[in-house]
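I have placed the structure first, in the form of structure tokens, so that the comments after it can refer back to it.
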Amino acid sequence: MESTGDVSLGALFRSADTVDGASNLDIEQLAYIICRGGWPKAVLKKSRKAALIQAEEYFETVTRFDISRVDDVERDPETARRLMRSYARNQGSQASAGTILADLKAHEGDTVNENTVYSYIKALKKIFVIEDSLAWNPNLRSKTAVRTSDTRYFTDPSIATAALGLGPEDLLNDLNTFGLLFETLCIRDLRVYAEAIGGKVYHYRDKNNLECDAVIHLKNGRYGLVEIKLGGHDLIEEGAVTLSALANKIDTVKMPAPAFMMILTGTGQYAYKRPKDGILVVPVGCLRD
């Protein structure tokens with residue numbers, strides 16, 4: 001990720017009193033980075049066209065060969081492609097196997113069932129194409145209030161764009177899809193940064209649909225709450241409302257307060273701390289471990 005590295009995630013866990021940093025990414029560059037992905041060969045390619053082809057070739061290799069080779073079970077490449085397209089459309093959601101199956105049945109009728117879906121997903125996880133986000137349990141009083149369904153993510157957003165046949169211009173023309181795949185990019189980067197400081201990334205959602213895109217939890221019990229928004233005043237305000245509501249809920253059961261609350265954005269040049277609620281607004285283009 002082309003980040004200036006001005007804002008350290010580890011430093012925020014030590015103190016979130018101030019934040020200062022700048023991003024050099026604009027929205028066109030961000031769309032390209034999502035489609036290119038973080039593949040080492042793609043990052044090093046001088047040609048934009050050659051870099052974008054890497055994800056497309058990876059998608060073809062996975063669906064034609066790797067998904068069957070991983071456990072020596074013959075799987076249909078076209079079914080694999082359609083399943084991955086469905087997964088791409090459901091990035092950042094808790095879509096069930098039944099939802100994905102319905103997508104497949106629209107094209108393949110009754111030739112597939114839930115066991116087929118589970119088999120393909122299991123194979124894709126084994127070869128690190130899929131890495132779903134586990135639910136965070138903050139030990140709130142009512143255990144039934146926490147929804148434990150995993151959130152669907154590819155390990156890299158470029159897998160989703162390759163599955164859907166999208167390029168940077170397509171994302172710029174469809175900001176809703178852009179936002180969903182931007183979330184996948186952020187989760188990827190947060191996982192890398194969190195692992196470097198001994199943490200893991202989860203998601204949170206309760207029965208009242210109060211949710212948080214990412215909860216970064218360290219082994220020492222400290223945690224940070226992160227909402228992911230492509231950018232813009234209204235979306236940032238929406239993220240702040242969510243974070244404040246979750247922090248208030250945690251406070252009512254006398255759990256330790258989060259080390260920080262952050263809105264991770266795509267657009268916007270500078271990192272700053274909101275004076276009215278202390279929430280950090282940080283462009284992904286200036287974050288590091």
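All residue names refer to the structure tokens as shown: chains lettered A, B, ... in order, residues numbered from 1 in each chain, ligands numbered from 1 in order.
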
Near Pro275 of chain A, within 12 Å and counting only C-alpha atoms, which residues show up once chain neighbours fewer than 5 positions away are dropped, as a ChimeraX atom specification? /A:17-19,280-281

Keeping only N, CA, C and O atoms, write the selected residues as a compact mmCIF listing (two decimals), in the first residue's frame.
```txt
# COMPACT_ATOMS: atom_id res chain seq x y z
N ASP A 17 -3.90 10.81 22.09
CA ASP A 17 -4.21 12.20 22.43
C ASP A 17 -4.13 13.11 21.21
O ASP A 17 -4.91 14.06 21.07
N THR A 18 -3.15 12.83 20.34
CA THR A 18 -2.99 13.64 19.14
C THR A 18 -2.72 12.71 17.96
O THR A 18 -2.25 11.59 18.13
N VAL A 19 -3.02 13.20 16.79
CA VAL A 19 -2.70 12.45 15.57
C VAL A 19 -2.34 13.45 14.48
O VAL A 19 -2.93 14.53 14.40
N LEU A 280 -10.76 9.83 15.89
CA LEU A 280 -9.70 10.10 14.93
C LEU A 280 -10.22 9.88 13.51
O LEU A 280 -10.95 8.92 13.26
N VAL A 281 -9.85 10.74 12.61
CA VAL A 281 -10.14 10.56 11.17
C VAL A 281 -8.80 10.42 10.48
O VAL A 281 -7.98 11.35 10.50
```

Could you list, as number ranges by chain, every residue within 9 Å of Gly38 of chain A, counting only C-alpha atoms and ignoring same-chain residues fewer than 4 positions away? A: 1, 33-34, 42-43, 156-158

Selection to disk with all heavy atoms, as a short mmCIF file (atom, residue, chain, number, x, y, z; two decimals), in the first residue's frame:
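The new file out_1.cif reads:
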```
data_model
loop_
_atom_site.label_atom_id
_atom_site.label_comp_id
_atom_site.auth_asym_id
_atom_site.auth_seq_id
_atom_site.Cartn_x
_atom_site.Cartn_y
_atom_site.Cartn_z
N MET A 1 0.85 -1.20 0.00
CA MET A 1 0.00 0.00 0.00
C MET A 1 0.88 1.24 0.00
O MET A 1 1.85 1.32 0.76
CB MET A 1 -0.90 -0.01 1.24
CG MET A 1 -1.81 1.18 1.39
SD MET A 1 -3.03 1.30 0.08
CE MET A 1 -3.73 2.89 0.42
N ILE A 33 -5.28 1.22 -7.09
CA ILE A 33 -4.64 0.36 -6.10
C ILE A 33 -5.56 -0.80 -5.70
O ILE A 33 -5.10 -1.92 -5.49
CB ILE A 33 -4.23 1.20 -4.86
CG1 ILE A 33 -3.08 2.12 -5.22
CG2 ILE A 33 -3.84 0.30 -3.69
CD1 ILE A 33 -2.79 3.19 -4.17
N ILE A 34 -6.85 -0.54 -5.60
CA ILE A 34 -7.81 -1.60 -5.28
C ILE A 34 -7.79 -2.67 -6.37
O ILE A 34 -7.77 -3.87 -6.08
CB ILE A 34 -9.22 -1.02 -5.10
CG1 ILE A 34 -9.31 -0.27 -3.76
CG2 ILE A 34 -10.28 -2.13 -5.15
CD1 ILE A 34 -10.61 0.50 -3.57
N ALA A 42 2.88 -7.13 -8.99
CA ALA A 42 2.05 -6.04 -9.52
C ALA A 42 2.55 -4.69 -9.03
O ALA A 42 2.57 -3.71 -9.77
CB ALA A 42 0.60 -6.26 -9.13
N VAL A 43 2.94 -4.63 -7.76
CA VAL A 43 3.42 -3.37 -7.18
C VAL A 43 4.69 -2.90 -7.89
O VAL A 43 4.91 -1.71 -8.10
CB VAL A 43 3.69 -3.54 -5.67
CG1 VAL A 43 4.36 -2.30 -5.09
CG2 VAL A 43 2.36 -3.81 -4.94
N ASP A 156 -7.49 -10.00 -0.63
CA ASP A 156 -7.05 -8.80 -1.34
C ASP A 156 -8.21 -8.29 -2.19
O ASP A 156 -8.94 -9.09 -2.80
CB ASP A 156 -5.84 -9.13 -2.23
CG ASP A 156 -5.17 -7.88 -2.77
OD1 ASP A 156 -5.63 -7.33 -3.80
OD2 ASP A 156 -4.17 -7.43 -2.16
N PRO A 157 -8.43 -6.98 -2.25
CA PRO A 157 -9.59 -6.45 -3.00
C PRO A 157 -9.51 -6.72 -4.49
O PRO A 157 -10.53 -6.77 -5.18
CB PRO A 157 -9.55 -4.95 -2.69
CG PRO A 157 -8.12 -4.67 -2.35
CD PRO A 157 -7.65 -5.89 -1.63
N SER A 158 -8.30 -6.89 -5.02
CA SER A 158 -8.15 -7.12 -6.46
C SER A 158 -8.75 -8.45 -6.88
O SER A 158 -9.11 -8.63 -8.06
CB SER A 158 -6.68 -7.06 -6.86
OG SER A 158 -5.96 -8.13 -6.27
#
```

Would you list the contacts of segment 217-234 of chain A as an MDAnalysis selection string, taking every protein, DNA or RNA residue within 6 Å and counting only C-alpha atoms, but skipping same-chain residues closer than 2 positions in sequence? chainID A and resid 179 199:200 212:215 236:237 239 258:267

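Nearest residue to Ser3 of chain A, choosing from A:Asn24, A:Ser15, A:Ile100, A:Gly37 and counting only C-alpha atoms: A:Asn24.
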
Please list as a compact mmCIF listing (two decimals) with N, CA, C and O atoms, in the first residue's frame every residue within 12 Å of Phe128 of chain A, counting only C-alpha atoms and excluding residues in the same chain fewer than 4 positions away.
```txt
# COMPACT_ATOMS: atom_id res chain seq x y z
N VAL A 62 -6.59 -19.67 -9.99
CA VAL A 62 -7.32 -20.21 -8.84
C VAL A 62 -8.51 -21.04 -9.30
O VAL A 62 -8.73 -22.16 -8.84
N ASP A 66 -5.98 -24.21 -9.00
CA ASP A 66 -5.65 -24.26 -7.57
C ASP A 66 -6.78 -24.78 -6.70
O ASP A 66 -6.55 -25.49 -5.72
N ILE A 67 -8.01 -24.44 -7.04
CA ILE A 67 -9.14 -24.83 -6.20
C ILE A 67 -9.34 -26.35 -6.19
O ILE A 67 -9.92 -26.90 -5.24
N VAL A 70 -5.73 -28.16 -4.33
CA VAL A 70 -5.48 -27.98 -2.90
C VAL A 70 -5.78 -29.23 -2.10
O VAL A 70 -5.09 -29.53 -1.13
N ILE A 121 -15.81 -22.98 -0.65
CA ILE A 121 -15.32 -21.95 0.27
C ILE A 121 -14.16 -22.50 1.12
O ILE A 121 -13.15 -21.82 1.33
N LYS A 122 -14.30 -23.74 1.58
CA LYS A 122 -13.23 -24.35 2.38
C LYS A 122 -11.94 -24.43 1.58
O LYS A 122 -10.85 -24.14 2.09
N ALA A 123 -12.05 -24.82 0.31
CA ALA A 123 -10.86 -24.91 -0.55
C ALA A 123 -10.24 -23.53 -0.76
O ALA A 123 -9.01 -23.38 -0.72
N LEU A 124 -11.06 -22.50 -0.97
CA LEU A 124 -10.54 -21.15 -1.17
C LEU A 124 -9.87 -20.60 0.08
O LEU A 124 -8.91 -19.83 0.00
N ASP A 132 -12.23 -14.63 5.98
CA ASP A 132 -13.37 -13.97 6.62
C ASP A 132 -12.97 -13.37 7.96
O ASP A 132 -12.00 -13.80 8.59
N TYR A 153 -14.77 -11.67 3.34
CA TYR A 153 -13.71 -10.89 2.71
C TYR A 153 -12.78 -11.78 1.90
O TYR A 153 -12.48 -12.91 2.31
N PHE A 154 -12.32 -11.27 0.77
CA PHE A 154 -11.17 -11.85 0.10
C PHE A 154 -9.92 -11.32 0.80
O PHE A 154 -9.96 -10.30 1.49
N THR A 155 -8.80 -12.01 0.61
CA THR A 155 -7.55 -11.55 1.23
C THR A 155 -7.04 -10.27 0.58
O THR A 155 -6.26 -9.54 1.19
N ASP A 156 -7.49 -10.00 -0.63
CA ASP A 156 -7.05 -8.80 -1.34
C ASP A 156 -8.21 -8.29 -2.19
O ASP A 156 -8.94 -9.09 -2.80
N ILE A 159 -8.87 -9.41 -5.96
CA ILE A 159 -9.53 -10.68 -6.29
C ILE A 159 -10.99 -10.41 -6.62
O ILE A 159 -11.56 -10.99 -7.55
```

Which polymer residues have any atom within 9 Å of an atom of Ile53 of chain A, counting only C-alpha atoms, with same-chain residues fewer than 3 positions away left out, as a ChimeraX atom specification? /A:36,42,48-50,56-58,162

Grab the residues selected above and save them as a CSV table (one decimal), in the first residue's frame with N, CA and C atoms.
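This is the output file result.csv:
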```csv
chain,number,residue,atom,x,y,z
A,36,ARG,N,-5.4,-3.2,-8.7
A,36,ARG,CA,-4.1,-3.8,-8.8
A,36,ARG,C,-3.8,-4.8,-7.7
A,42,ALA,N,2.9,-7.1,-9.0
A,42,ALA,CA,2.1,-6.0,-9.5
A,42,ALA,C,2.5,-4.7,-9.0
A,48,ARG,N,1.1,0.2,-15.9
A,48,ARG,CA,-0.2,0.1,-15.3
A,48,ARG,C,-1.0,-1.1,-15.8
A,49,LYS,N,-1.0,-1.3,-17.1
A,49,LYS,CA,-1.7,-2.4,-17.7
A,49,LYS,C,-1.2,-3.7,-17.2
A,50,ALA,N,0.1,-3.9,-17.2
A,50,ALA,CA,0.7,-5.1,-16.8
A,50,ALA,C,0.4,-5.4,-15.3
A,56,GLU,N,-6.0,-10.6,-12.6
A,56,GLU,CA,-6.9,-11.3,-13.5
A,56,GLU,C,-6.3,-12.7,-13.8
A,57,GLU,N,-4.9,-12.8,-13.9
A,57,GLU,CA,-4.3,-14.1,-14.1
A,57,GLU,C,-4.4,-14.9,-12.8
A,58,TYR,N,-4.3,-14.3,-11.7
A,58,TYR,CA,-4.4,-15.0,-10.4
A,58,TYR,C,-5.8,-15.7,-10.3
A,162,ALA,N,-11.3,-8.6,-10.0
A,162,ALA,CA,-11.0,-9.6,-11.1
A,162,ALA,C,-12.2,-10.5,-11.3
```

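The residue that comes closest to Arg81 of chain A, out of A:Arg64, A:Arg205, A:Arg191, A:Arg69 and on the basis of only C-alpha atoms, is A:Arg64.
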